[in-house]
Structure formats: C-alpha cells, structure tokens
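Q: Below you'll find target.pdb; it's PDB, C-alpha atoms.
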ATOM      1  CA  MET A  18     113.054  12.860 153.495
ATOM      2  CA  SER A  19     112.985  12.399 149.724
ATOM      3  CA  ARG A  20     113.288  15.264 147.280
ATOM      4  CA  SER A  21     109.922  14.399 145.718
ATOM      5  CA  PHE A  22     108.231  14.608 149.101
ATOM      6  CA  ILE A  23     109.815  18.026 149.753
ATOM      7  CA  CYS A  24     108.611  19.277 146.354
ATOM      8  CA  LEU A  25     105.114  17.978 146.992
ATOM      9  CA  LEU A  26     105.063  19.596 150.425
ATOM     10  CA  SER A  27     106.222  22.914 148.972
ATOM     11  CA  VAL A  28     103.513  22.878 146.310
ATOM     12  CA  THR A  29     100.892  22.040 148.944
ATOM     13  CA  ILE A  30     101.996  24.940 151.140
ATOM     14  CA  ILE A  31     101.915  27.348 148.181
ATOM     15  CA  LEU A  32      98.393  26.231 147.245
ATOM     16  CA  MET A  33      97.214  26.583 150.844
ATOM     17  CA  VAL A  34      98.624  30.109 151.046
ATOM     18  CA  ALA A  35      96.977  30.997 147.742
ATOM     19  CA  ALA A  36      93.657  29.576 148.918
ATOM     20  CA  SER A  37      93.849  31.528 152.171
ATOM     21  CA  HIS A  38      94.638  34.710 150.241
ATOM     22  CA  SER A  39      91.675  34.093 147.985
ATOM     23  CA  ILE A  40      89.332  33.576 150.926
ATOM     24  CA  LEU A  41      90.553  36.692 152.704
ATOM     25  CA  PHE A  42      90.858  39.069 149.764
ATOM     26  CA  GLY A  43      89.196  37.411 146.780
ATOM     27  CA  ASN A  44      85.749  38.956 147.250
ATOM     28  CA  HIS A  45      87.254  42.411 147.586
ATOM     29  CA  PHE A  46      89.254  42.086 144.379
ATOM     30  CA  HIS A  47      86.231  40.545 142.587
ATOM     31  CA  GLN A  48      84.047  43.472 143.531
ATOM     32  CA  GLN A  49      86.659  45.913 142.315
ATOM     33  CA  ILE A  50      86.853  44.200 138.941
ATOM     34  CA  ILE A  51      83.120  43.977 138.277
ATOM     35  CA  GLN A  52      82.103  47.261 139.943
ATOM     36  CA  PRO A  53      79.494  48.594 137.473
ATOM     37  CA  LYS A  54      80.004  52.014 135.924
ATOM     38  CA  VAL A  55      77.330  54.681 135.920
ATOM     39  CA  ALA A  56      75.857  54.693 132.429
ATOM     40  CA  PHE A  57      75.268  58.456 132.267
ATOM     41  CA  PRO A  58      77.614  60.303 134.680
ATOM     42  CA  LEU A  59      76.488  63.858 133.853
ATOM     43  CA  LEU A  60      72.844  62.984 134.360
ATOM     44  CA  ASN A  61      73.653  60.975 137.477
ATOM     45  CA  SER A  62      75.345  63.987 139.085
ATOM     46  CA  ASP A  63      72.141  66.068 138.986
ATOM     47  CA  PRO A  64      69.009  64.721 137.250
ATOM     48  CA  GLU A  65      67.032  67.849 138.127
ATOM     49  CA  THR A  66      68.999  69.961 135.612
ATOM     50  CA  VAL A  67      67.213  68.302 132.669
ATOM     51  CA  SER A  68      65.432  70.964 130.599
ATOM     52  CA  LYS A  69      64.799  69.183 127.307
ATOM     53  CA  VAL A  70      63.957  65.635 126.234
ATOM     54  CA  ILE A  71      64.032  64.392 122.637
ATOM     55  CA  TYR A  72      62.283  61.066 122.199
ATOM     56  CA  THR A  73      62.412  59.017 118.985
ATOM     57  CA  ASN A  74      60.623  55.816 118.026
ATOM     58  CA  SER A  75      58.913  54.321 114.976
ATOM     59  CA  LEU A  76      56.206  57.021 115.196
ATOM     60  CA  GLY A  77      58.724  59.849 114.768
ATOM     61  CA  GLU A  78      60.710  62.333 116.831
ATOM     62  CA  PHE A  79      59.107  64.277 119.682
ATOM     63  CA  THR A  80      60.452  67.095 121.831
ATOM     64  CA  PHE A  81      59.450  67.985 125.382
ATOM     65  CA  TYR A  82      60.947  70.981 127.146
ATOM     66  CA  ARG A  83      60.708  73.187 130.202
ATOM     67  CA  ASN A  84      59.205  76.545 129.225
ATOM     68  CA  SER A  85      59.857  80.009 130.678
ATOM     69  CA  GLU A  86      57.440  79.237 133.512
ATOM     70  CA  LEU A  87      59.418  76.042 134.262
ATOM     71  CA  GLN A  88      56.488  73.906 133.155
ATOM     72  CA  TRP A  89      57.129  70.823 131.020
ATOM     73  CA  VAL A  90      55.295  71.013 127.675
ATOM     74  CA  ALA A  91      55.119  69.027 124.420
ATOM     75  CA  GLU A  92      56.515  70.946 121.455
ATOM     76  CA  SER A  93      54.784  68.666 118.946
ATOM     77  CA  LYS A  94      51.403  69.137 120.696
ATOM     78  CA  TYR A  95      51.038  72.923 120.717
ATOM     79  CA  ASP A  96      53.081  73.182 123.931
ATOM     80  CA  TYR A  97      50.408  71.363 125.920
ATOM     81  CA  PRO A  98      51.532  70.451 129.476
ATOM     82  CA  VAL A  99      53.245  67.116 130.026
ATOM     83  CA  SER A 100      52.318  64.774 132.867
ATOM     84  CA  PRO A 101      54.042  66.474 135.837
ATOM     85  CA  LYS A 102      55.770  63.429 137.305
ATOM     86  CA  LEU A 103      56.724  61.662 134.067
ATOM     87  CA  ILE A 104      59.887  63.569 133.093
ATOM     88  CA  GLY A 105      61.277  63.415 136.619
ATOM     89  CA  ARG A 106      60.728  59.658 136.770
ATOM     90  CA  ILE A 107      62.399  59.095 133.390
ATOM     91  CA  ALA A 108      65.396  61.250 134.338
ATOM     92  CA  THR A 109      65.832  59.434 137.649
ATOM     93  CA  GLN A 110      65.552  55.982 136.070
ATOM     94  CA  LEU A 111      68.204  56.832 133.468
ATOM     95  CA  ALA A 112      70.458  58.454 136.071
ATOM     96  CA  ASP A 113      70.381  55.293 138.189
ATOM     97  CA  MET A 114      71.399  52.967 135.337
ATOM     98  CA  LYS A 115      74.699  51.081 135.617
ATOM     99  CA  LEU A 116      76.594  49.263 132.864
ATOM    100  CA  ILE A 117      76.601  45.578 133.823
ATOM    101  CA  GLU A 118      77.922  43.609 130.870
ATOM    102  CA  LYS A 119      79.013  44.107 127.267
ATOM    103  CA  LYS A 120      76.834  42.450 124.652
ATOM    104  CA  THR A 121      76.944  42.109 120.880
ATOM    105  CA  ARG A 122      78.560  44.538 118.430
ATOM    106  CA  LEU A 123      76.939  42.904 115.401
ATOM    107  CA  PRO A 124      74.135  44.983 113.811
ATOM    108  CA  GLU A 125      72.385  41.865 112.530
ATOM    109  CA  ARG A 126      71.851  40.816 116.148
ATOM    110  CA  TYR A 127      70.426  44.135 117.339
ATOM    111  CA  PRO A 128      66.794  43.115 116.684
ATOM    112  CA  GLN A 129      67.213  40.134 119.022
ATOM    113  CA  ILE A 130      67.660  42.518 121.959
ATOM    114  CA  GLY A 131      65.427  45.315 120.655
ATOM    115  CA  LEU A 132      68.212  47.683 119.599
ATOM    116  CA  GLU A 133      67.470  48.201 115.913
ATOM    117  CA  GLU A 134      67.280  51.758 114.545
ATOM    118  CA  PRO A 135      64.378  53.440 116.397
ATOM    119  CA  LYS A 136      62.927  55.128 113.295
ATOM    120  CA  SER A 137      62.730  51.897 111.302
ATOM    121  CA  LYS A 138      59.285  50.437 110.664
ATOM    122  CA  ASN A 139      57.949  48.297 113.524
ATOM    123  CA  ALA A 140      61.078  48.961 115.601
ATOM    124  CA  ASN A 141      60.851  47.985 119.271
ATOM    125  CA  SER A 142      63.604  50.375 120.308
ATOM    126  CA  ALA A 143      63.444  54.020 121.360
ATOM    127  CA  ALA A 144      66.124  56.698 121.420
ATOM    128  CA  ILE A 145      66.169  59.322 124.135
ATOM    129  CA  ARG A 146      68.318  62.419 124.585
ATOM    130  CA  LEU A 147      68.314  64.611 127.690
ATOM    131  CA  GLU A 148      69.799  68.115 127.684
ATOM    132  CA  ASN A 149      70.219  70.883 130.247
ATOM    133  CA  HIS A 150      69.198  74.528 129.726
ATOM    134  CA  ILE A 151      72.353  75.378 127.736
ATOM    135  CA  GLY A 152      72.005  72.411 125.393
ATOM    136  CA  GLU A 153      74.617  70.192 127.033
ATOM    137  CA  VAL A 154      73.826  66.516 126.490
ATOM    138  CA  LEU A 155      73.378  64.807 129.859
ATOM    139  CA  ALA A 156      72.389  61.418 128.455
ATOM    140  CA  GLU A 157      71.738  59.942 125.027
ATOM    141  CA  THR A 158      71.065  56.304 124.286
ATOM    142  CA  ILE A 159      68.954  53.775 122.445
ATOM    143  CA  LEU A 160      66.812  51.683 124.778
ATOM    144  CA  GLY A 161      65.988  48.118 123.789
ATOM    145  CA  ALA A 162      64.393  45.067 125.325
ATOM    146  CA  GLN A 163      64.027  44.657 129.063
ATOM    147  CA  THR A 164      65.137  41.468 130.757
ATOM    148  CA  GLN A 165      65.052  39.748 134.129
ATOM    149  CA  TYR A 166      68.335  39.165 135.928
ATOM    150  CA  LYS A 167      69.453  38.897 139.525
ATOM    151  CA  THR A 168      72.178  41.132 140.974
ATOM    152  CA  ALA A 169      72.606  43.302 144.021
ATOM    153  CA  LEU A 170      71.728  46.317 141.856
ATOM    154  CA  SER A 171      68.364  45.339 140.425
ATOM    155  CA  ASN A 172      66.076  42.494 139.434
ATOM    156  CA  LYS A 173      65.589  43.917 135.940
ATOM    157  CA  GLY A 174      67.814  45.222 133.198
ATOM    158  CA  THR A 175      67.662  46.938 129.821
ATOM    159  CA  PHE A 176      69.768  46.476 126.709
ATOM    160  CA  ILE A 177      71.150  49.838 125.599
ATOM    161  CA  ARG A 178      73.356  51.188 122.824
ATOM    162  CA  THR A 179      74.972  54.583 122.397
ATOM    163  CA  VAL A 180      73.762  56.383 119.278
ATOM    164  CA  ASN A 181      76.106  55.799 116.292
ATOM    165  CA  GLN A 182      78.128  53.195 118.182
ATOM    166  CA  ALA A 183      78.204  49.436 117.626
ATOM    167  CA  GLN A 184      78.743  48.232 121.194
ATOM    168  CA  THR A 185      75.652  47.180 123.141
ATOM    169  CA  TRP A 186      75.351  46.782 126.902
ATOM    170  CA  LEU A 187      73.144  45.245 129.509
ATOM    171  CA  ALA A 188      72.355  48.022 131.980
ATOM    172  CA  SER A 189      70.668  47.785 135.366
ATOM    173  CA  GLY A 190      67.138  49.034 135.810
ATOM    174  CA  THR A 191      64.382  49.954 133.373
ATOM    175  CA  VAL A 192      62.906  53.169 131.963
ATOM    176  CA  ASP A 193      59.141  53.651 131.682
ATOM    177  CA  LEU A 194      58.713  55.389 128.316
ATOM    178  CA  PRO A 195      55.173  55.814 126.970
ATOM    179  CA  TYR A 196      55.250  54.730 123.317
ATOM    180  CA  ASN A 197      52.629  57.173 122.034
ATOM    181  CA  PRO A 198      53.548  60.846 122.639
ATOM    182  CA  ILE A 199      49.936  61.569 123.628
ATOM    183  CA  ASN A 200      50.548  59.477 126.740
ATOM    184  CA  TRP A 201      53.313  61.892 127.789
ATOM    185  CA  LEU A 202      50.684  64.594 128.241
ATOM    186  CA  ASP A 203      48.746  65.427 131.380
ATOM    187  CA  ARG A 204      45.511  63.892 130.071
ATOM    188  CA  ARG A 205      43.299  64.852 132.987
ATOM    189  CA  ILE A 206      40.285  66.974 132.128
ATOM    190  CA  ILE A 207      38.172  66.930 135.256
ATOM    191  CA  ASN A 208      37.471  64.778 138.271
ATOM    192  CA  ILE A 209      34.319  65.531 140.249
ATOM    193  CA  GLU A 210      33.434  62.773 142.669
ATOM    194  CA  PRO A 211      29.740  61.757 142.730
ATOM    195  CA  GLU A 212      29.260  62.698 146.389
ATOM    196  CA  ALA A 213      30.397  66.276 145.635
ATOM    197  CA  ILE A 214      27.675  66.954 143.055
ATOM    198  CA  LYS A 215      24.736  69.105 144.149
ATOM    199  CA  LYS A 216      23.054  69.822 140.823
ATOM    200  CA  MET A 217      23.356  68.929 137.135
ATOM    201  CA  VAL A 218      21.548  70.834 134.398
ATOM    202  CA  LEU A 219      21.534  69.110 131.016
ATOM    203  CA  LEU A 220      20.631  70.532 127.633
ATOM    204  CA  HIS A 221      20.409  68.903 124.188
ATOM    205  CA  LEU A 222      19.472  70.966 121.153
ATOM    206  CA  ASP A 223      17.058  68.339 119.859
ATOM    207  CA  SER A 224      15.537  66.830 122.987
ATOM    208  CA  GLY A 225      15.203  69.708 125.417
ATOM    209  CA  SER A 226      16.623  69.908 128.920
ATOM    210  CA  PHE A 227      16.132  68.759 132.466
ATOM    211  CA  MET A 228      17.742  69.139 135.866
ATOM    212  CA  ILE A 229      18.658  66.855 138.746
ATOM    213  CA  ALA A 230      19.401  68.214 142.215
ATOM    214  CA  ARG A 231      19.582  67.434 145.941
ATOM    215  CA  ASP A 232      19.981  69.456 149.124
ATOM    216  CA  ASN A 233      22.780  67.434 150.752
ATOM    217  CA  PRO A 234      25.211  64.644 149.783
ATOM    218  CA  ASN A 235      23.274  61.958 151.676
ATOM    219  CA  GLU A 236      20.065  62.457 149.738
ATOM    220  CA  LYS A 237      19.030  60.893 146.463
ATOM    221  CA  PHE A 238      18.710  63.128 143.429
ATOM    222  CA  SER A 239      15.339  64.367 142.256
ATOM    223  CA  ALA A 240      14.754  65.081 138.577
ATOM    224  CA  LEU A 241      12.791  68.046 137.257
ATOM    225  CA  THR A 242      11.133  66.990 134.004
ATOM    226  CA  SER A 243       8.150  67.955 131.891
ATOM    227  CA  ARG A 244       6.115  65.611 134.114
ATOM    228  CA  GLY A 245       7.172  67.386 137.271
ATOM    229  CA  LEU A 246       9.532  66.426 140.106
ATOM    230  CA  THR A 247      10.441  62.729 140.373
ATOM    231  CA  GLU A 248      13.039  60.715 142.278
ATOM    232  CA  LEU A 249      15.908  59.647 140.047
ATOM    233  CA  GLN A 250      16.463  55.922 139.652
ATOM    234  CA  GLU A 251      19.660  54.638 141.264
ATOM    235  CA  GLU A 252      21.097  53.329 137.980
ATOM    236  CA  LEU A 253      20.482  56.638 136.228
ATOM    237  CA  GLU A 254      21.995  58.529 139.150
ATOM    238  CA  LYS A 255      25.157  56.450 138.847
ATOM    239  CA  THR A 256      25.310  57.070 135.086
ATOM    240  CA  PHE A 257      24.893  60.816 135.540
ATOM    241  CA  THR A 258      27.361  61.386 138.342
ATOM    242  CA  SER A 259      30.106  59.042 137.102
ATOM    243  CA  SER A 260      30.302  60.771 133.710
ATOM    244  CA  VAL A 261      32.425  63.618 135.100
ATOM    245  CA  SER A 262      34.529  61.476 137.429
ATOM    246  CA  LYS A 263      38.126  60.995 136.221
ATOM    247  CA  LEU A 264      37.356  62.278 132.725
ATOM    248  CA  THR A 265      40.458  62.172 130.477
ATOM    249  CA  PHE A 266      41.141  63.084 126.849
ATOM    250  CA  ASP A 267      42.481  61.088 123.895
ATOM    251  CA  ASP A 268      43.860  64.122 122.052
ATOM    252  CA  VAL A 269      43.938  67.891 122.378
ATOM    253  CA  PHE A 270      43.692  70.819 119.941
ATOM    254  CA  PRO A 271      43.841  74.614 120.194
ATOM    255  CA  ARG A 272      40.373  76.109 120.677
ATOM    256  CA  ASN A 273      38.362  76.285 117.437
ATOM    257  CA  GLU A 274      41.122  74.681 115.338
ATOM    258  CA  ARG A 275      38.689  71.959 114.291
ATOM    259  CA  GLY A 276      36.451  74.537 112.639
ATOM    260  CA  ALA A 277      32.911  75.663 113.311
ATOM    261  CA  SER A 278      30.553  73.172 114.866
ATOM    262  CA  SER A 279      27.185  73.080 116.534
ATOM    263  CA  ILE A 280      26.895  72.160 120.196
ATOM    264  CA  GLY A 281      25.358  68.755 120.560
ATOM    265  CA  PHE A 282      25.149  68.685 124.332
ATOM    266  CA  GLU A 283      25.690  70.988 127.264
ATOM    267  CA  ILE A 284      25.920  70.184 130.956
ATOM    268  CA  VAL A 285      26.420  72.428 133.980
ATOM    269  CA  ILE A 286      27.649  70.702 137.135
ATOM    270  CA  SER A 287      27.376  72.461 140.506
ATOM    271  CA  THR A 288      29.075  71.162 143.649
ATOM    272  CA  PHE A 289      28.278  71.651 147.324
ATOM    273  CA  SER A 290      31.464  73.716 147.690
ATOM    274  CA  GLY A 291      30.282  76.271 145.121
ATOM    275  CA  LEU A 292      32.228  75.097 142.068
ATOM    276  CA  GLU A 293      30.390  75.297 138.742
ATOM    277  CA  ILE A 294      31.639  73.570 135.573
ATOM    278  CA  LYS A 295      30.115  74.050 132.132
ATOM    279  CA  LEU A 296      30.888  71.314 129.607
ATOM    280  CA  LYS A 297      29.979  71.512 125.919
ATOM    281  CA  LEU A 298      30.144  68.443 123.696
ATOM    282  CA  TRP A 299      30.020  68.271 119.913
ATOM    283  CA  LYS A 300      31.084  66.096 116.990
ATOM    284  CA  SER A 301      33.546  67.211 114.300
ATOM    285  CA  ASP A 302      34.957  65.009 111.508
ATOM    286  CA  GLN A 303      33.840  61.844 113.283
ATOM    287  CA  ILE A 304      35.510  62.747 116.573
ATOM    288  CA  TRP A 305      33.900  63.970 119.782
ATOM    289  CA  LEU A 306      35.212  67.135 121.410
ATOM    290  CA  VAL A 307      34.528  68.887 124.703
ATOM    291  CA  THR A 308      35.150  72.458 125.804
ATOM    292  CA  LEU A 309      34.963  73.478 129.450
ATOM    293  CA  THR A 310      34.831  76.579 131.621
ATOM    294  CA  SER A 311      34.739  76.957 135.392
ATOM    295  CA  LYS A 312      33.367  79.534 137.806
ATOM    296  CA  VAL A 313      32.221  79.694 141.417
ATOM    297  CA  ASP A 314      28.889  80.460 143.075
ATOM    298  CA  GLN A 315      29.553  83.688 144.964
ATOM    299  CA  VAL A 316      26.941  82.783 147.592
ATOM    300  CA  VAL A 317      28.268  79.395 148.728
ATOM    301  CA  VAL A 318      31.849  79.587 147.508
ATOM    302  CA  ASP A 319      34.754  78.793 149.810
ATOM    303  CA  GLY A 320      38.399  79.747 149.339
ATOM    304  CA  ASN A 321      39.446  76.316 148.136
ATOM    305  CA  SER A 322      36.787  76.274 145.414
ATOM    306  CA  LYS A 323      37.932  79.665 144.098
ATOM    307  CA  LEU A 324      41.499  78.410 143.910
ATOM    308  CA  ARG A 325      40.414  75.169 142.262
ATOM    309  CA  SER A 326      38.266  77.033 139.737
ATOM    310  CA  ASP A 327      41.194  79.247 138.755
ATOM    311  CA  LYS A 328      43.444  76.225 138.277
ATOM    312  CA  LEU A 329      40.814  74.438 136.201
ATOM    313  CA  ASN A 330      40.404  77.465 133.948
ATOM    314  CA  GLU A 331      44.153  77.509 133.423
ATOM    315  CA  ARG A 332      43.840  73.917 132.214
ATOM    316  CA  PHE A 333      40.711  74.516 130.116
ATOM    317  CA  HIS A 334      41.575  77.871 128.567
ATOM    318  CA  GLY A 335      42.294  77.757 124.846
ATOM    319  CA  TRP A 336      41.784  74.014 124.359
ATOM    320  CA  ASP A 337      39.327  71.587 122.801
ATOM    321  CA  PHE A 338      39.655  68.057 124.173
ATOM    322  CA  GLN A 339      38.932  64.940 122.135
ATOM    323  CA  ILE A 340      37.279  62.204 124.172
ATOM    324  CA  ALA A 341      36.610  58.559 123.379
ATOM    325  CA  LYS A 342      33.409  57.711 121.544
ATOM    326  CA  TRP A 343      32.083  55.630 124.437
ATOM    327  CA  LYS A 344      32.496  58.578 126.814
ATOM    328  CA  ALA A 345      30.597  60.869 124.463
ATOM    329  CA  GLU A 346      27.856  58.290 124.038
ATOM    330  CA  LYS A 347      27.595  57.989 127.799
ATOM    331  CA  PHE A 348      26.783  61.695 128.010
ATOM    332  CA  LEU A 349      24.161  61.406 125.281
ATOM    333  CA  THR A 350      22.670  58.290 126.855
ATOM    334  CA  MET A 351      22.115  60.345 129.986
ATOM    335  CA  LEU A 352      19.715  62.557 128.080
ATOM    336  CA  HIS A 353      17.933  59.808 126.190
ATOM    337  CA  ALA A 354      17.486  57.771 129.376
ATOM    338  CA  ALA A 355      16.318  60.697 131.481
ATOM    339  CA  PRO A 356      12.856  60.412 133.062
TER
END
Since I need it in another form, could you write the structure as structure tokens?

A:
Amino acid sequence: MSRSFICLLSVTIILMVAASHSILFGNHFHQQIIQPKVAFPLLNSDPETVSKVIYTNSLGEFTFYRNSELQWVAESKYDYPVSPKLIGRIATQLADMKLIEKKTRLPERYPQIGLEEPKSKNANSAAIRLENHIGEVLAETILGAQTQYKTALSNKGTFIRTVNQAQTWLASGTVDLPYNPINWLDRRIINIEPEAIKKMVLLHLDSGSFMIARDNPNEKFSALTSRGLTELQEELEKTFTSSVSKLTFDDVFPRNERGASSIGFEIVISTFSGLEIKLKLWKSDQIWLVTLTSKVDQVVVDGNSKLRSDKLNERFHGWDFQIAKWKAEKFLTMLHAAP
C-alpha cells in the first residue's frame, strides 16, 4: 500500500468524521450561536409594570402615564383617558422583540431604514421610552422601518436603534404606534344601536323642534310635526338613528375652554332600557363641538342602564368633544330633512 494512498485514506476518514459530527451536532451549535437576544430584558421580565410612556416623533414629544386611579391618561391632552388596550399592546410588542442581526452604524444610512432623528422634519422614525412607577427605564429605543423576513420568530421585523448610539439592529416583530397623539386617546363618545332607540326629541334654535317615537323595537318610527303624526320614511329613520351609533371625536377640550357659544342643535335620545342622553351641538372658531349628559328614566330603568349612565357621565363630565364636520352636518340635515 503506497504512502500516498494511506494519506488519502486518512484525509477521507477525517472528513467523514467531521461530516458526521456536523450532522449530529451542527444544528445544535448553530442555534446556540444565532440564538437571538431579548431586546429589552427589563421590560420582557414584566411588561405590566410600565407606568409611563414618552413618545417622540416629528410632531413633538408626548407623555402618557398611569394616574393615581391606575388609569392611563395623556399628559399633553389635559389628562384625558388613553385607549385602554393600546399601552398594554405596545408594551407587550416591545417586550417580545428579539435582536436578530446587526445593521449599519453609518448615520448617513439611517434614513434608508427609517432611523433618522425622530424630531427632524418629515422623519419616519419614532422614539419610545417606557418607565416603571419609580422612573426606572424598562425600554428605550428608536423605531424605524418595518420589513418582511422569514424566521422561526416572526414574519416581520423592525429596524431599531438605541438612543445616542450608532449601532442599528433588525429586531423581530413590530410595534403598532399611532402617529398622531390624538389617536392614542379613547375616542369613543357614544354608541347607541338603532334598535335600542325608543324616542328622539330634536330642537334647533332657528327651525323649531319635532319628535320621533315608537312603542317597541320592531315598529317603525312615527314623527310628531306641525302637521300632526306621520310615519317616518325609512331613509330618514336610518339617518336619524345612525347618527348616534359609534360616534367618535377628533379632538377634546376641557368644558367651556373654547369660550361662550350658542347652542345650534339639541337632541335627547331615549332607549327602551330607560337610558336618556342629551347631546348639544354648536360651532366655535370653525369647529363643531358636542357636550353630553346622561340620566335614566326612573319608571322604566333597569340596573344595567343605571350603571351605564354613571359610566357615560364619567366619560362626558368636564369635556367638550370636537367632531368631524360631516358628522355635525349629518345632525343638522336630520332637522332640515324632517317631515
């Protein structure tokens, strides 16, 4: 047996052993090497300890915090309540993020992945800082562009950068951050479904008033007008009843902050369960505002309506709500189109 053959055989055996080792243990070692790190360990350990969120983008810096009643409110919006599920979702999404891969350290390339300075004009990035009740920072980062990628962790990723650091990363997952701080608020005003409405009394200072009513949810509404009692047209009925279904605001102000104004429109909605809502609408500095109060009919009231009325008054008390022009015009059209 020649020496060259022995050498070749030895090399072959070594390669076969190495290949077998790779097959048996290679995946394990590979996973150990690329095992992603949790991006925000303190937040990941307990996301529910978040008590303050500072959010910065090209519109400015905005603070949201948990008040003494443990309710999330917006500091920059007169401590108005924040959407109840939003903060929890943001905290969870950040807590679940993993660092996947290092990216650029060059500032001139930051705009390509949406990681420019958040306060700069037309910036696509946003900075977010989460603190607990003693001011300890649980997470702080700049969030950039989102991207599609395929790993066992997630189908989507986000480019991130620690504040005041050059290194950027691709992290797993995404964070749903409303750009405009108004969209962090709980923008619900009222939601009365059409089938729940028993009676609506409408009043306009210039064009008088009228009432629509019915005895049960399966009946059509009748309208009481100067010409007597008439059946309400189906299209008008839909316009009337849908106006107070899923009504939301565009902005909110402390009561009477917008100055004195005359009431342009008033509507009282009564439900079959005994709930009664009074809505006043007026125009101030080219914007439409509504003020609401709630009470219950002591004759037909049930326990749930009393509880709901109290909760609605908690929401309404002390606030004027700005609504979109088309919503205000819908209310006014109701009066002009009335029989």

Q: Might you spell out which residues the PyMOL selection byres ((chain A and resi 98) around 8) would select in the displayed file, as a count of residues only?

A: 11

Q: Which is closer to Gly190 in chain A than all the others in A:Ala230, A:Leu292, A:Ile117, A:Ile151, using all atoms listed in the file?

A: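 Going through A:Ala230, A:Leu292, A:Ile117, A:Ile151 one by one, the smallest distance to Gly190 in chain A is for A:Ile117.
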
Q: Which polymer residues have any atom within 8 Å of an atom of Arg205 in chain A, counting all atoms listed in the file, with same-chain residues fewer than 6 positions away left out, as a PyMOL selection string?

A: chain A and resi 263-266

Q: For Ile159 in chain A, which of A:Thr179, A:Asn321, A:Ser85, A:Asn330 is the closest residue, counting only C-alpha atoms?

A: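 Between A:Thr179, A:Asn321, A:Ser85, A:Asn330, the residue approaching Ile159 in chain A most closely is A:Thr179.
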
Q: Can you spell out as a PyMOL selection string the set of residues that the PyMOL selection byres ((chain A and resi 310) around 6) selects in the structure I just provided?

A: chain A and resi 294-295+309+311

Q: Work out how far apart CA of Ala112 in chain A and CA of Phe57 in chain A are and give it in Å to one decimal.

A: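 CA of Phe57 in chain A lies 6.1 Å from CA of Ala112 in chain A.
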
Q: Using all atoms listed in the file, can you tell me which of A:Met351, A:Val180, A:Gly291, A:Pro271 comes closest to Asp337 in chain A?

A: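 The answer is A:Pro271, which sits nearest to Asp337 in chain A.
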
Q: Compile the contact shell of range 162-167 of chain A as a list in words: residues with an atom at most 9 Å away, counting all atoms listed in the file, same-chain residues fewer than 4 positions apart removed.

A: Gln129, Ile130, Gly131, Leu132, Asn141, Ser142, Ser171, Asn172, Lys173, Gly174, Thr175, Phe176, Ile177, Leu187, Ser189, Gly190 and Thr191 of chain A

Q: What are the nearest atom pairs, with distances in Å to one decimal, for all residues of range 153-267 of chain A that come at most 9 Å from range 119-124 of chain A, using all atoms listed in the file, set out by chain and rising residue number as JSON lines?

A:
{"residue": "A:Phe176", "atom": "CA", "partner": "A:Lys120", "partner_atom": "CA", "distance": 8.4}
{"residue": "A:Gln182", "atom": "CA", "partner": "A:Arg122", "partner_atom": "CA", "distance": 8.7}
{"residue": "A:Ala183", "atom": "CA", "partner": "A:Arg122", "partner_atom": "CA", "distance": 5.0}
{"residue": "A:Gln184", "atom": "CA", "partner": "A:Arg122", "partner_atom": "CA", "distance": 4.6}
{"residue": "A:Thr185", "atom": "CA", "partner": "A:Lys120", "partner_atom": "CA", "distance": 5.1}
{"residue": "A:Trp186", "atom": "CA", "partner": "A:Lys119", "partner_atom": "CA", "distance": 4.5}
{"residue": "A:Leu187", "atom": "CA", "partner": "A:Lys119", "partner_atom": "CA", "distance": 6.4}

Q: Have a look at CA of Thr73 in chain A and CA of Ala144 in chain A and let me know their distance in Å, one decimal.

A: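 We find that CA of Thr73 in chain A and CA of Ala144 in chain A lie 5.0 Å from each other.
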
Q: Starting from the displayed file, determine the output of the PyMOL selection byres ((chain A and resi 198) around 9) and express the residue list as a PyMOL selection string.

A: chain A and resi 72+76+79+91+93-94+195-197+199-202

Q: Counting only C-alpha atoms, which of A:Asn235, A:Gln52, A:Gln339, A:Ser62 gets nearest to Asp267 in chain A?

A: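 That would be A:Gln339, the residue with the smallest distance to Asp267 in chain A.
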
Q: Take CA of Leu298 in chain A and CA of Ile340 in chain A and report the distance between them in Å, one decimal.

A: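 Going from CA of Leu298 in chain A over to CA of Ile340 in chain A, I get 9.5 Å.
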
Q: Between A:Phe348, A:Arg325, A:Leu220, A:Asn181, which has the minimum distance to Ser259 in chain A (counting only C-alpha atoms)?

A: A:Phe348

Q: Which residue, A:Asp327, A:Asp113, A:Asp319, A:Glu157, has the smallest gap to Ile71 in chain A when you use all atoms listed in the file?

A: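 Between A:Asp327, A:Asp113, A:Asp319, A:Glu157, the residue approaching Ile71 in chain A most closely is A:Glu157.
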
Q: May I have the residues at most 10 Å from (17.6, 59.4, 142.8) in the file's coordinates, counting all atoms listed in the file, as an MDAnalysis selection string?

A: chainID A and resid 229:231 236:240 247:255
